[in-house]
file data.cif (mmCIF, C-alpha atoms)
data_start
loop_
_atom_site.label_atom_id
_atom_site.label_comp_id
_atom_site.auth_asym_id
_atom_site.auth_seq_id
_atom_site.Cartn_x
_atom_site.Cartn_y
_atom_site.Cartn_z
CA MET Y 1 0.00 0.00 0.00
CA ILE Y 2 1.47 3.36 -1.04
CA GLU Y 3 1.51 5.96 1.73
CA ARG Y 4 -0.02 9.20 0.43
CA SER Y 5 1.65 12.56 1.07
CA SER Y 6 0.03 15.39 2.98
CA VAL Y 7 -0.89 18.73 1.39
CA LEU Y 8 -0.33 22.14 2.97
CA GLU Y 9 -2.31 25.08 1.59
CA LEU Y 10 -0.66 28.46 2.21
CA THR Y 11 -2.33 31.84 1.94
CA ARG Y 12 -0.50 34.82 0.48
CA ASP Y 13 0.14 36.21 3.96
CA GLN Y 14 1.58 32.89 5.13
CA ILE Y 15 3.90 32.76 2.12
CA VAL Y 16 5.15 36.32 2.73
CA THR Y 17 5.66 35.59 6.44
CA ARG Y 18 7.66 32.44 5.68
CA ILE Y 19 9.87 34.29 3.17
CA GLU Y 20 10.60 37.17 5.54
CA ARG Y 21 11.15 35.02 8.63
CA GLY Y 22 13.46 32.66 6.72
CA ALA Y 23 15.41 35.55 5.21
CA LYS Y 24 15.95 37.10 8.63
CA GLN Y 25 17.12 33.75 10.09
CA ARG Y 26 19.67 33.44 7.30
CA GLY Y 27 21.05 36.96 7.67
CA PHE Y 28 19.13 38.68 4.88
CA PRO Y 29 17.20 41.48 6.63
CA TYR Y 30 14.99 42.20 3.61
CA SER Y 31 11.29 42.43 3.04
CA ALA Y 32 9.90 39.64 0.85
CA GLU Y 33 9.56 42.12 -2.02
CA ASP Y 34 13.15 43.36 -1.75
CA LEU Y 35 14.52 39.83 -1.44
CA ILE Y 36 12.68 38.63 -4.53
CA HIS Y 37 13.78 41.62 -6.59
CA ALA Y 38 17.41 41.33 -5.42
CA TYR Y 39 17.33 37.62 -6.32
CA HIS Y 40 15.83 38.10 -9.76
CA GLU Y 41 18.16 41.02 -10.54
CA GLY Y 42 21.20 38.88 -9.62
CA ARG Y 43 22.23 41.21 -6.76
CA LEU Y 44 22.71 38.53 -4.10
CA ASP Y 45 26.20 37.12 -3.41
CA ASP Y 46 24.79 33.71 -2.63
CA PRO Y 47 21.36 33.38 -4.24
CA SER Y 48 21.24 29.67 -3.46
CA ALA Y 49 21.09 30.47 0.25
CA VAL Y 50 17.54 31.78 -0.22
CA ALA Y 51 16.46 29.96 -3.39
CA ASP Y 52 13.85 27.98 -1.48
CA LEU Y 53 12.38 31.12 0.11
CA VAL Y 54 12.20 32.94 -3.20
CA GLY Y 55 10.82 29.76 -4.73
CA LEU Y 56 7.82 29.88 -2.40
CA ALA Y 57 6.71 32.99 -4.28
CA ALA Y 58 6.17 30.72 -7.30
CA LEU Y 59 2.94 29.73 -5.55
CA LEU Y 60 1.60 33.26 -6.03
CA PRO Y 61 -0.05 34.60 -9.22
CA ASP Y 62 2.26 36.46 -11.64
CA ASN Y 63 0.43 39.73 -10.98
CA ASP Y 64 1.05 39.60 -7.25
CA PRO Y 65 2.44 42.87 -5.84
CA LEU Y 66 5.59 40.96 -4.80
CA PHE Y 67 6.57 40.75 -8.46
CA VAL Y 68 5.24 44.07 -9.69
CA ARG Y 69 6.89 47.21 -8.37
CA PRO Y 70 4.67 50.31 -8.47
CA MET U 1 12.52 -6.83 4.58
CA SER U 2 12.21 -9.88 2.35
CA ALA U 3 12.36 -10.51 -1.39
CA PRO U 4 8.56 -10.23 -1.75
CA GLU U 5 8.72 -6.87 0.02
CA LEU U 6 11.41 -5.73 -2.41
CA ASP U 7 9.21 -6.78 -5.31
CA GLN U 8 6.36 -4.81 -3.79
CA LEU U 9 8.53 -1.71 -3.34
CA LEU U 10 9.85 -1.93 -6.89
CA GLY U 11 6.27 -2.25 -8.11
CA GLN U 12 5.31 0.89 -6.19
CA VAL U 13 8.31 2.77 -7.63
CA ARG U 14 7.26 1.80 -11.16
CA GLU U 15 3.63 2.73 -10.57
CA LEU U 16 4.45 6.16 -9.08
CA THR U 17 7.05 6.86 -11.78
CA LYS U 18 4.47 6.04 -14.45
CA GLN U 19 1.97 8.37 -12.79
CA TYR U 20 4.28 11.38 -12.57
CA LEU U 21 5.59 10.81 -16.11
CA ALA U 22 1.99 10.80 -17.39
CA GLY U 23 1.68 14.40 -16.20
CA GLY U 24 -1.95 14.15 -15.08
CA THR U 25 -3.47 16.06 -12.20
CA ASP U 26 -2.16 13.35 -9.87
CA ALA U 27 1.45 13.82 -11.04
CA PHE U 28 2.44 16.11 -8.15
CA GLY U 29 1.12 13.65 -5.58
CA ALA U 30 2.82 10.71 -7.31
CA PHE U 31 6.15 12.56 -7.36
CA CYS U 32 5.88 13.37 -3.65
CA ASP U 33 4.76 9.84 -2.76
CA LEU U 34 7.74 8.42 -4.69
CA LEU U 35 10.15 10.80 -3.01
CA ASN U 36 8.84 9.74 0.39
CA LEU U 37 9.09 6.07 -0.49
CA LEU U 38 12.76 6.57 -1.46
CA LEU U 39 13.51 8.52 1.71
CA ARG U 40 11.75 5.97 3.94
CA VAL U 41 13.85 3.04 2.73
CA THR U 42 17.05 5.09 3.08
CA VAL U 43 17.68 8.10 5.32
CA LEU U 44 14.40 9.45 6.71
CA ASP U 45 13.47 9.61 10.39
CA GLY U 46 9.99 11.04 11.00
CA PRO U 47 7.65 12.93 8.69
CA GLY U 48 8.61 13.01 5.04
CA ALA U 49 8.02 15.54 2.30
CA ARG U 50 4.68 17.24 1.70
CA ILE U 51 2.97 19.04 -1.13
CA THR U 52 2.63 22.78 -0.56
CA ALA U 53 0.20 24.80 -2.63
CA GLY U 54 -0.70 28.48 -2.73
CA PRO U 55 -3.10 31.00 -4.28
CA ARG U 56 -1.64 30.45 -7.73
CA LEU U 57 -3.70 27.29 -8.11
CA LYS U 58 -6.86 29.32 -7.71
CA ASP U 59 -5.55 31.45 -10.58
CA GLY U 60 -5.92 28.48 -12.91
CA ARG U 61 -2.21 27.61 -13.04
CA ASP U 62 -0.63 24.35 -12.24
CA ARG U 63 2.39 24.66 -9.97
CA MET U 64 3.23 23.15 -6.60
CA VAL U 65 6.13 22.82 -4.20
CA ILE U 66 7.36 19.56 -2.74
CA GLU U 67 9.20 20.33 0.48
CA GLY U 68 10.38 18.78 3.72
CA GLY U 69 7.43 18.47 6.07
CA LEU U 70 8.99 18.26 9.54
CA ALA U 71 7.49 21.63 10.54
CA ARG U 72 4.76 23.73 9.00
CA GLU U 73 7.03 26.79 8.81
CA ASP U 74 10.05 25.10 7.25
CA ASP U 75 11.15 22.78 4.44
CA ILE U 76 13.33 20.20 6.16
CA VAL U 77 13.12 16.50 7.02
CA ARG U 78 14.93 14.82 9.90
CA LEU U 79 17.52 12.21 8.97
CA ARG U 80 18.43 9.02 10.78
CA ASP U 81 21.71 10.56 11.98
CA GLY U 82 19.80 13.31 13.84
CA ARG U 83 20.77 15.91 11.22
CA PHE U 84 18.51 17.43 8.57
CA LEU U 85 17.95 17.63 4.85
CA ARG U 86 16.44 20.79 3.39
CA LEU U 87 14.34 19.53 0.52
CA PHE U 88 12.62 21.92 -1.85
CA VAL U 89 11.37 21.17 -5.36
CA ILE U 90 9.12 23.35 -7.53
CA LEU U 91 7.06 21.36 -10.03
CA PHE U 92 4.85 22.60 -12.82
CA ARG U 93 2.67 21.07 -15.51
CA GLU U 94 2.58 22.27 -19.09
CA PRO U 95 0.70 21.23 -22.22
CA HIS U 96 2.53 18.59 -24.28
CA ASN U 97 1.35 16.61 -27.32
CA GLY U 98 -2.31 17.08 -26.53
CA GLY U 99 -1.84 16.20 -22.87
CA HIS U 100 0.39 17.50 -20.13
CA ARG U 101 3.78 16.75 -18.70
CA MET U 102 5.30 17.67 -15.40
CA LYS U 103 8.65 19.44 -15.12
CA VAL U 104 10.98 20.54 -12.35
CA GLU U 105 11.52 24.29 -12.20
CA GLN U 106 13.89 24.31 -9.24
CA ALA U 107 15.33 21.79 -6.78
CA GLU U 108 17.45 22.12 -3.67
CA TYR U 109 18.91 19.46 -1.37
CA GLN U 110 20.90 20.78 1.58
CA TYR U 111 22.46 18.60 4.29
CA GLN U 112 22.57 20.55 7.55
CA VAL U 113 23.40 20.00 11.20
CA ASP U 114 20.86 22.42 12.72
CA ASP U 115 17.20 22.81 11.88
CA ALA U 116 17.62 26.51 10.99
CA GLY U 117 20.19 25.66 8.33
CA ASN U 118 22.94 28.01 9.49
CA ARG U 119 25.25 25.01 9.97
CA TRP U 120 24.89 23.49 6.54
CA VAL U 121 27.39 21.03 5.08
CA PHE U 122 26.67 20.79 1.35
CA ARG U 123 23.98 22.01 -0.98
CA TYR U 124 22.95 20.85 -4.45
CA ASP U 125 20.89 23.26 -6.52
CA TYR U 126 19.14 23.12 -9.86
CA ARG U 127 17.36 26.06 -11.47
CA ARG U 128 15.76 25.67 -14.90
CA GLU U 129 16.15 29.36 -15.70
CA PRO U 130 18.86 30.95 -13.54
CA ARG U 131 18.94 34.75 -13.39
CA ASP U 132 22.64 35.03 -12.59
CA GLN U 133 25.99 33.72 -13.80
CA HIS U 134 26.16 30.74 -11.47
CA PRO U 135 25.83 27.24 -12.99
CA ALA U 136 22.21 26.13 -13.25
CA THR U 137 23.15 22.87 -11.55
CA HIS U 138 25.79 23.28 -8.89
CA LEU U 139 27.26 22.08 -5.62
CA GLN U 140 28.33 24.27 -2.71
CA VAL U 141 30.34 23.01 0.24
CA ARG U 142 30.64 24.85 3.53
CA GLY U 143 34.22 24.19 4.48
CA LYS U 144 37.79 25.41 4.30
CA LEU U 145 40.19 25.28 1.39
CA TYR U 146 43.82 24.73 2.36
CA GLU U 147 45.47 26.31 -0.67
CA PRO U 148 45.60 30.10 -1.22
CA VAL U 149 43.64 30.48 -4.45
CA PRO U 150 41.32 33.42 -5.26
CA LEU U 151 37.86 32.08 -4.52
CA TYR U 152 34.58 33.72 -5.51
CA ARG U 153 33.81 36.22 -2.71
CA GLY U 154 36.85 34.85 -0.86
CA ILE U 155 35.22 31.84 0.81
CA LEU U 156 34.66 28.29 -0.30
CA GLU U 157 30.96 28.17 0.57
CA ARG U 158 30.19 30.89 -1.98
CA THR U 159 31.85 28.92 -4.78
CA HIS U 160 29.36 27.25 -7.11
CA PHE U 161 30.88 24.05 -8.54
CA PRO U 162 29.08 23.01 -11.76
CA THR U 163 27.58 19.53 -11.68
CA GLY U 164 25.24 17.40 -13.75
CA ARG U 165 21.65 17.01 -12.55
CA VAL U 166 21.77 15.40 -9.14
CA SER U 167 18.81 13.27 -8.14
CA ILE U 168 17.36 12.69 -4.69
CA GLU U 169 18.50 9.09 -5.18
CA ALA U 170 22.10 10.31 -5.53
CA VAL U 171 21.76 12.45 -2.40
CA ALA U 172 20.41 9.51 -0.39
CA ARG U 173 23.32 7.34 -1.58
CA LEU U 174 25.77 10.10 -0.71
CA LEU U 175 24.39 10.43 2.81
CA ILE U 176 24.55 6.68 3.42
CA GLU U 177 27.82 5.83 1.69
CA GLN U 178 29.88 8.97 2.37
CA PHE U 179 28.31 10.57 5.46
CA SER U 180 27.55 7.38 7.40
CA VAL U 181 23.81 7.88 7.76
CA SER U 182 22.47 4.51 8.86
CA PRO U 183 20.04 3.23 6.20
CA ALA U 184 16.48 2.27 7.13
CA SER U 185 16.67 -0.98 5.17
CA PRO U 186 19.38 -3.44 4.09
CA SER U 187 21.44 -2.56 1.03
CA GLU U 188 19.71 -5.47 -0.76
CA ILE U 189 16.54 -3.36 -0.54
CA TRP U 190 17.55 0.28 -0.79
CA ARG U 191 20.09 -0.11 -3.60
CA PRO U 192 17.69 -1.69 -6.14
CA VAL U 193 14.87 0.67 -5.10
CA LEU U 194 17.04 3.75 -5.68
CA ALA U 195 18.38 2.32 -8.94
CA GLU U 196 14.88 1.61 -10.28
CA SER U 197 13.78 5.18 -9.63
CA GLU U 198 17.00 6.88 -10.71
CA ARG U 199 16.96 5.18 -14.13
CA ALA U 200 13.69 6.94 -14.94
CA PHE U 201 15.03 10.28 -13.69
CA ASP U 202 18.14 9.93 -15.87
CA GLN U 203 16.04 9.39 -18.97
CA ILE U 204 14.03 12.59 -18.61
CA ALA U 205 16.21 14.98 -16.59
CA HIS U 206 16.82 18.40 -18.14
CA ARG U 207 20.57 19.02 -18.40
CA PRO U 208 21.36 22.71 -18.75
CA LEU U 209 24.64 24.33 -19.79
CA SER U 210 27.03 25.17 -16.97
CA GLY U 211 26.46 28.90 -17.43
CA PRO U 212 24.96 31.63 -19.61
CA SER U 213 25.71 31.37 -23.35
CA ALA U 214 26.04 35.14 -23.76
#

call {"tool": "encode", "arguments": {"input": "data.cif", "output": "structure tokens"}}
result
Amino acid sequence: MIERSSVLELTRDQIVTRIERGAKQRGFPYSAEDLIHAYHEGRLDDPSAVADLVGLAALLPDNDPLFVRP
Amino acid sequence: MSAPELDQLLGQVRELTKQYLAGGTDAFGAFCDLLNLLLRVTVLDGPGARITAGPRLKDGRDRMVIEGGLAREDDIVRLRDGRFLRLFVILFREPHNGGHRMKVEQAEYQYQVDDAGNRWVFRYDYRREPRDQHPATHLQVRGKLYEPVPLYRGILERTHFPTGRVSIEAVARLLIEQFSVSPASPSEIWRPVLAESERAFDQIAHRPLSGPSA
């Protein structure tokens, strides 16, 4: 019998909180928006250190304010 | 475990591999179930990986994260040596030949001593479309280099060594064979199970260049 995996549904707020808390723990004192822009613009020395955090944003729609600067 | 149990495990590996290769709506679940099966016969202690979804699904897209499920707020699993593996894979489905197929957008496997990940040991990364000059598939090692050569940013852990695509099967083998993690089953079980799954991965894995072409 195959054991089935669990599913976690995150809201936008929960995703943003996880990104910002993780970034702070790893020494990147950025907002989620700043971290994502710094990552995508290639401005981080070690992007792999936060690739999972930035990757969480892939669960948001493309038109989310995190991706679209005013 | 006995020979019949091995046959059963190999059957499950084949069934789950077939499901995720088919790219249907159950592909994400099959991929995660397979990953957990592989971890449970090798290095896992406690809860395995989970599927994490977000608002994007409600937007009509098809993208999910497979991540370590030890804690709700993190993406690690506990290993049988008391250390941790950060496990994070982004999967997406796209139309293909009248149906769909599932692809990996990003994958990260990081062996670490603490749950926060500040004391990490090695990290394998794959990014389908990297936005910087680092190799799309690379290895980083947090350690010291004994010879005085000019490293990127001056420290070994910032150096991105290009690699081929590294599978979760390869990481499990590495942890058992090179880092002395005690396996959850005899080698007569875990070796053929990993091999069965890794063969399928090798046939479909995207292999990017080691850096930008321009």

call {"tool": "interface_residues", "arguments": {"input": "data.cif", "of": "chain U", "to": "chain Y", "cutoff": "8 Å", "atoms": "only C-alpha atoms", "output": "PyMOL selection string"}}
result
chain U and resi 12+29+32-33+36-37+49-57+59+63-65+73-74+88+90+106+108+116-118+125+131-132+153+158

call {"tool": "atom_distance", "arguments": {"input": "data.cif", "atom1": "CA of Phe84 (chain U)", "atom2": "CA of Ser167 (chain U)"}}
result
17.2 Å

call {"tool": "residues_around", "arguments": {"input": "data.cif", "residues": "Ile36 (chain Y)", "least_positions_apart": "2", "cutoff": "8 Å", "atoms": "all atoms listed in the file", "output": "tab-separated table (two decimals) with C-alpha atoms, keeping the file's coordinate frame"}}
result
chain	number	residue	atom	x	y	z
Y	32	ALA	CA	9.90	39.64	0.85
Y	33	GLU	CA	9.56	42.12	-2.02
Y	34	ASP	CA	13.15	43.36	-1.75
Y	38	ALA	CA	17.41	41.33	-5.42
Y	39	TYR	CA	17.33	37.62	-6.32
Y	40	HIS	CA	15.83	38.10	-9.76
Y	54	VAL	CA	12.20	32.94	-3.20
Y	66	LEU	CA	5.59	40.96	-4.80
Y	67	PHE	CA	6.57	40.75	-8.46

call {"tool": "closest_residue", "arguments": {"input": "data.cif", "among": "U:Gln112, U:Thr25, U:Ser182, U:Ser213", "to": "Arg40 (chain U)", "atoms": "all atoms listed in the file"}}
result
U:Ser182

call {"tool": "atom_distance", "arguments": {"input": "data.cif", "atom1": "CA of Glu105 (chain U)", "atom2": "CA of Glu67 (chain U)"}}
result
13.5 Å

call {"tool": "atom_distance", "arguments": {"input": "data.cif", "atom1": "CA of Val149 (chain U)", "atom2": "CA of Arg119 (chain U)"}}
result
24.0 Å

call {"tool": "resolve_selection", "arguments": {"input": "data.cif", "expression": "the PyMOL selection byres ((chain U and resi 202-205) around 10)", "output": "PDB file with C-alpha atoms, in the frame of the given file"}}
result
ATOM      1  CA  LEU U  21       5.590  10.810 -16.110  1.00  0.00           C
ATOM      2  CA  LYS U 103       8.650  19.440 -15.120  1.00  0.00           C
ATOM      3  CA  VAL U 104      10.980  20.540 -12.350  1.00  0.00           C
ATOM      4  CA  GLY U 164      25.240  17.400 -13.750  1.00  0.00           C
ATOM      5  CA  ARG U 165      21.650  17.010 -12.550  1.00  0.00           C
ATOM      6  CA  VAL U 166      21.770  15.400  -9.140  1.00  0.00           C
ATOM      7  CA  SER U 167      18.810  13.270  -8.140  1.00  0.00           C
ATOM      8  CA  SER U 197      13.780   5.180  -9.630  1.00  0.00           C
ATOM      9  CA  GLU U 198      17.000   6.880 -10.710  1.00  0.00           C
ATOM     10  CA  ARG U 199      16.960   5.180 -14.130  1.00  0.00           C
ATOM     11  CA  ALA U 200      13.690   6.940 -14.940  1.00  0.00           C
ATOM     12  CA  PHE U 201      15.030  10.280 -13.690  1.00  0.00           C
ATOM     13  CA  HIS U 206      16.820  18.400 -18.140  1.00  0.00           C
ATOM     14  CA  ARG U 207      20.570  19.020 -18.400  1.00  0.00           C
ATOM     15  CA  PRO U 208      21.360  22.710 -18.750  1.00  0.00           C
TER      16      PRO U 208
END

call {"tool": "closest_residue", "arguments": {"input": "data.cif", "among": "U:Gln110, U:Thr159, U:Gln133, U:Asn97", "to": "Leu79 (chain U)", "atoms": "all atoms listed in the file"}}
result
U:Gln110

call {"tool": "resolve_selection", "arguments": {"input": "data.cif", "expression": "the PyMOL selection byres ((chain U and resi 162) around 8)", "output": "number ranges by chain"}}
result
U: 135-139, 160-161, 163-164, 210

call {"tool": "write_last_selection", "arguments": {"input": "data.cif", "atoms": "C-alpha atoms", "output": "JSON list (two decimals), keeping the file's coordinate frame"}}
result
[["chain", "number", "residue", "atom", "x", "y", "z"],
["U", 135, "PRO", "CA", 25.83, 27.24, -12.99],
["U", 136, "ALA", "CA", 22.21, 26.13, -13.25],
["U", 137, "THR", "CA", 23.15, 22.87, -11.55],
["U", 138, "HIS", "CA", 25.79, 23.28, -8.89],
["U", 139, "LEU", "CA", 27.26, 22.08, -5.62],
["U", 160, "HIS", "CA", 29.36, 27.25, -7.11],
["U", 161, "PHE", "CA", 30.88, 24.05, -8.54],
["U", 163, "THR", "CA", 27.58, 19.53, -11.68],
["U", 164, "GLY", "CA", 25.24, 17.40, -13.75],
["U", 210, "SER", "CA", 27.03, 25.17, -16.97]]

call {"tool": "closest_residue", "arguments": {"input": "data.cif", "among": "U:Ala214, U:Leu39, U:Val121, U:Ile76", "to": "Ile176 (chain U)", "atoms": "all atoms listed in the file"}}
result
U:Leu39

call {"tool": "build_atoms", "arguments": {"input": "data.cif", "residues": "region 26-59 of chain Y", "atoms": "N, CA and C atoms", "output": "mmCIF file, in the frame of the given file"}}
result
data_model
loop_
_atom_site.group_PDB
_atom_site.id
_atom_site.type_symbol
_atom_site.label_atom_id
_atom_site.label_comp_id
_atom_site.auth_asym_id
_atom_site.auth_seq_id
_atom_site.Cartn_x
_atom_site.Cartn_y
_atom_site.Cartn_z
ATOM 1 N N ARG Y 26 18.452 33.738 8.065
ATOM 2 C CA ARG Y 26 19.670 33.440 7.300
ATOM 3 C C ARG Y 26 20.521 34.687 7.060
ATOM 4 N N GLY Y 27 20.213 35.770 7.760
ATOM 5 C CA GLY Y 27 21.050 36.960 7.670
ATOM 6 C C GLY Y 27 20.747 37.873 6.509
ATOM 7 N N PHE Y 28 19.547 37.776 5.957
ATOM 8 C CA PHE Y 28 19.130 38.680 4.880
ATOM 9 C C PHE Y 28 17.970 39.524 5.423
ATOM 10 N N PRO Y 29 18.258 40.687 5.991
ATOM 11 C CA PRO Y 29 17.200 41.480 6.630
ATOM 12 C C PRO Y 29 16.361 42.271 5.622
ATOM 13 N N TYR Y 30 15.759 41.560 4.672
ATOM 14 C CA TYR Y 30 14.990 42.200 3.610
ATOM 15 C C TYR Y 30 13.505 41.903 3.774
ATOM 16 N N SER Y 31 12.706 42.770 3.195
ATOM 17 C CA SER Y 31 11.290 42.430 3.040
ATOM 18 C C SER Y 31 11.205 41.358 1.952
ATOM 19 N N ALA Y 32 10.077 40.667 1.887
ATOM 20 C CA ALA Y 32 9.900 39.640 0.850
ATOM 21 C C ALA Y 32 10.057 40.267 -0.539
ATOM 22 N N GLU Y 33 9.492 41.462 -0.713
ATOM 23 C CA GLU Y 33 9.560 42.120 -2.020
ATOM 24 C C GLU Y 33 10.998 42.444 -2.398
ATOM 25 N N ASP Y 34 11.760 43.001 -1.455
ATOM 26 C CA ASP Y 34 13.150 43.360 -1.750
ATOM 27 C C ASP Y 34 13.997 42.112 -2.018
ATOM 28 N N LEU Y 35 13.746 41.057 -1.247
ATOM 29 C CA LEU Y 35 14.520 39.830 -1.440
ATOM 30 C C LEU Y 35 14.271 39.250 -2.830
ATOM 31 N N ILE Y 36 13.018 39.213 -3.228
ATOM 32 C CA ILE Y 36 12.680 38.630 -4.530
ATOM 33 C C ILE Y 36 13.264 39.456 -5.667
ATOM 34 N N HIS Y 37 13.208 40.783 -5.530
ATOM 35 C CA HIS Y 37 13.780 41.620 -6.590
ATOM 36 C C HIS Y 37 15.297 41.507 -6.626
ATOM 37 N N ALA Y 38 15.937 41.474 -5.459
ATOM 38 C CA ALA Y 38 17.410 41.330 -5.420
ATOM 39 C C ALA Y 38 17.815 39.989 -6.037
ATOM 40 N N TYR Y 39 17.041 38.955 -5.769
ATOM 41 C CA TYR Y 39 17.330 37.620 -6.320
ATOM 42 C C TYR Y 39 17.192 37.630 -7.842
ATOM 43 N N HIS Y 40 16.079 38.146 -8.320
ATOM 44 C CA HIS Y 40 15.830 38.100 -9.760
ATOM 45 C C HIS Y 40 16.732 39.050 -10.531
ATOM 46 N N GLU Y 41 17.241 40.079 -9.865
ATOM 47 C CA GLU Y 41 18.160 41.020 -10.540
ATOM 48 C C GLU Y 41 19.617 40.573 -10.367
ATOM 49 N N GLY Y 42 19.840 39.418 -9.769
ATOM 50 C CA GLY Y 42 21.200 38.880 -9.620
ATOM 51 C C GLY Y 42 22.064 39.700 -8.684
ATOM 52 N N ARG Y 43 21.468 40.350 -7.657
ATOM 53 C CA ARG Y 43 22.230 41.210 -6.760
ATOM 54 C C ARG Y 43 22.663 40.515 -5.471
ATOM 55 N N LEU Y 44 22.325 39.236 -5.322
ATOM 56 C CA LEU Y 44 22.710 38.530 -4.100
ATOM 57 C C LEU Y 44 24.015 37.768 -4.311
ATOM 58 N N ASP Y 45 24.931 37.850 -3.331
ATOM 59 C CA ASP Y 45 26.200 37.120 -3.410
ATOM 60 C C ASP Y 45 25.972 35.626 -3.489
ATOM 61 N N ASP Y 46 25.033 35.147 -2.706
ATOM 62 C CA ASP Y 46 24.790 33.710 -2.630
ATOM 63 C C ASP Y 46 23.293 33.441 -2.785
ATOM 64 N N PRO Y 47 22.803 33.547 -4.031
ATOM 65 C CA PRO Y 47 21.360 33.380 -4.240
ATOM 66 C C PRO Y 47 20.838 32.021 -3.786
ATOM 67 N N SER Y 48 21.704 31.007 -3.836
ATOM 68 C CA SER Y 48 21.240 29.670 -3.460
ATOM 69 C C SER Y 48 20.856 29.585 -1.984
ATOM 70 N N ALA Y 49 21.386 30.490 -1.181
ATOM 71 C CA ALA Y 49 21.090 30.470 0.250
ATOM 72 C C ALA Y 49 19.614 30.769 0.525
ATOM 73 N N VAL Y 50 18.961 31.425 -0.424
ATOM 74 C CA VAL Y 50 17.540 31.780 -0.220
ATOM 75 C C VAL Y 50 16.664 31.297 -1.370
ATOM 76 N N ALA Y 51 17.202 30.399 -2.199
ATOM 77 C CA ALA Y 51 16.460 29.960 -3.390
ATOM 78 C C ALA Y 51 15.119 29.323 -3.015
ATOM 79 N N ASP Y 52 15.103 28.614 -1.895
ATOM 80 C CA ASP Y 52 13.850 27.980 -1.480
ATOM 81 C C ASP Y 52 12.832 29.036 -1.041
ATOM 82 N N LEU Y 53 13.301 30.063 -0.351
ATOM 83 C CA LEU Y 53 12.380 31.120 0.110
ATOM 84 C C LEU Y 53 11.796 31.867 -1.086
ATOM 85 N N VAL Y 54 12.681 32.248 -2.002
ATOM 86 C CA VAL Y 54 12.200 32.940 -3.200
ATOM 87 C C VAL Y 54 11.292 32.015 -4.001
ATOM 88 N N GLY Y 55 11.623 30.737 -4.001
ATOM 89 C CA GLY Y 55 10.820 29.760 -4.730
ATOM 90 C C GLY Y 55 9.394 29.661 -4.236
ATOM 91 N N LEU Y 56 9.188 29.928 -2.950
ATOM 92 C CA LEU Y 56 7.820 29.880 -2.400
ATOM 93 C C LEU Y 56 6.904 30.872 -3.128
ATOM 94 N N ALA Y 57 7.503 31.972 -3.585
ATOM 95 C CA ALA Y 57 6.710 32.990 -4.280
ATOM 96 C C ALA Y 57 6.137 32.449 -5.592
ATOM 97 N N ALA Y 58 6.704 31.325 -6.077
ATOM 98 C CA ALA Y 58 6.170 30.720 -7.300
ATOM 99 C C ALA Y 58 4.738 30.230 -7.094
ATOM 100 N N LEU Y 59 4.307 30.170 -5.846
ATOM 101 C CA LEU Y 59 2.940 29.730 -5.550
ATOM 102 C C LEU Y 59 1.944 30.888 -5.616
#
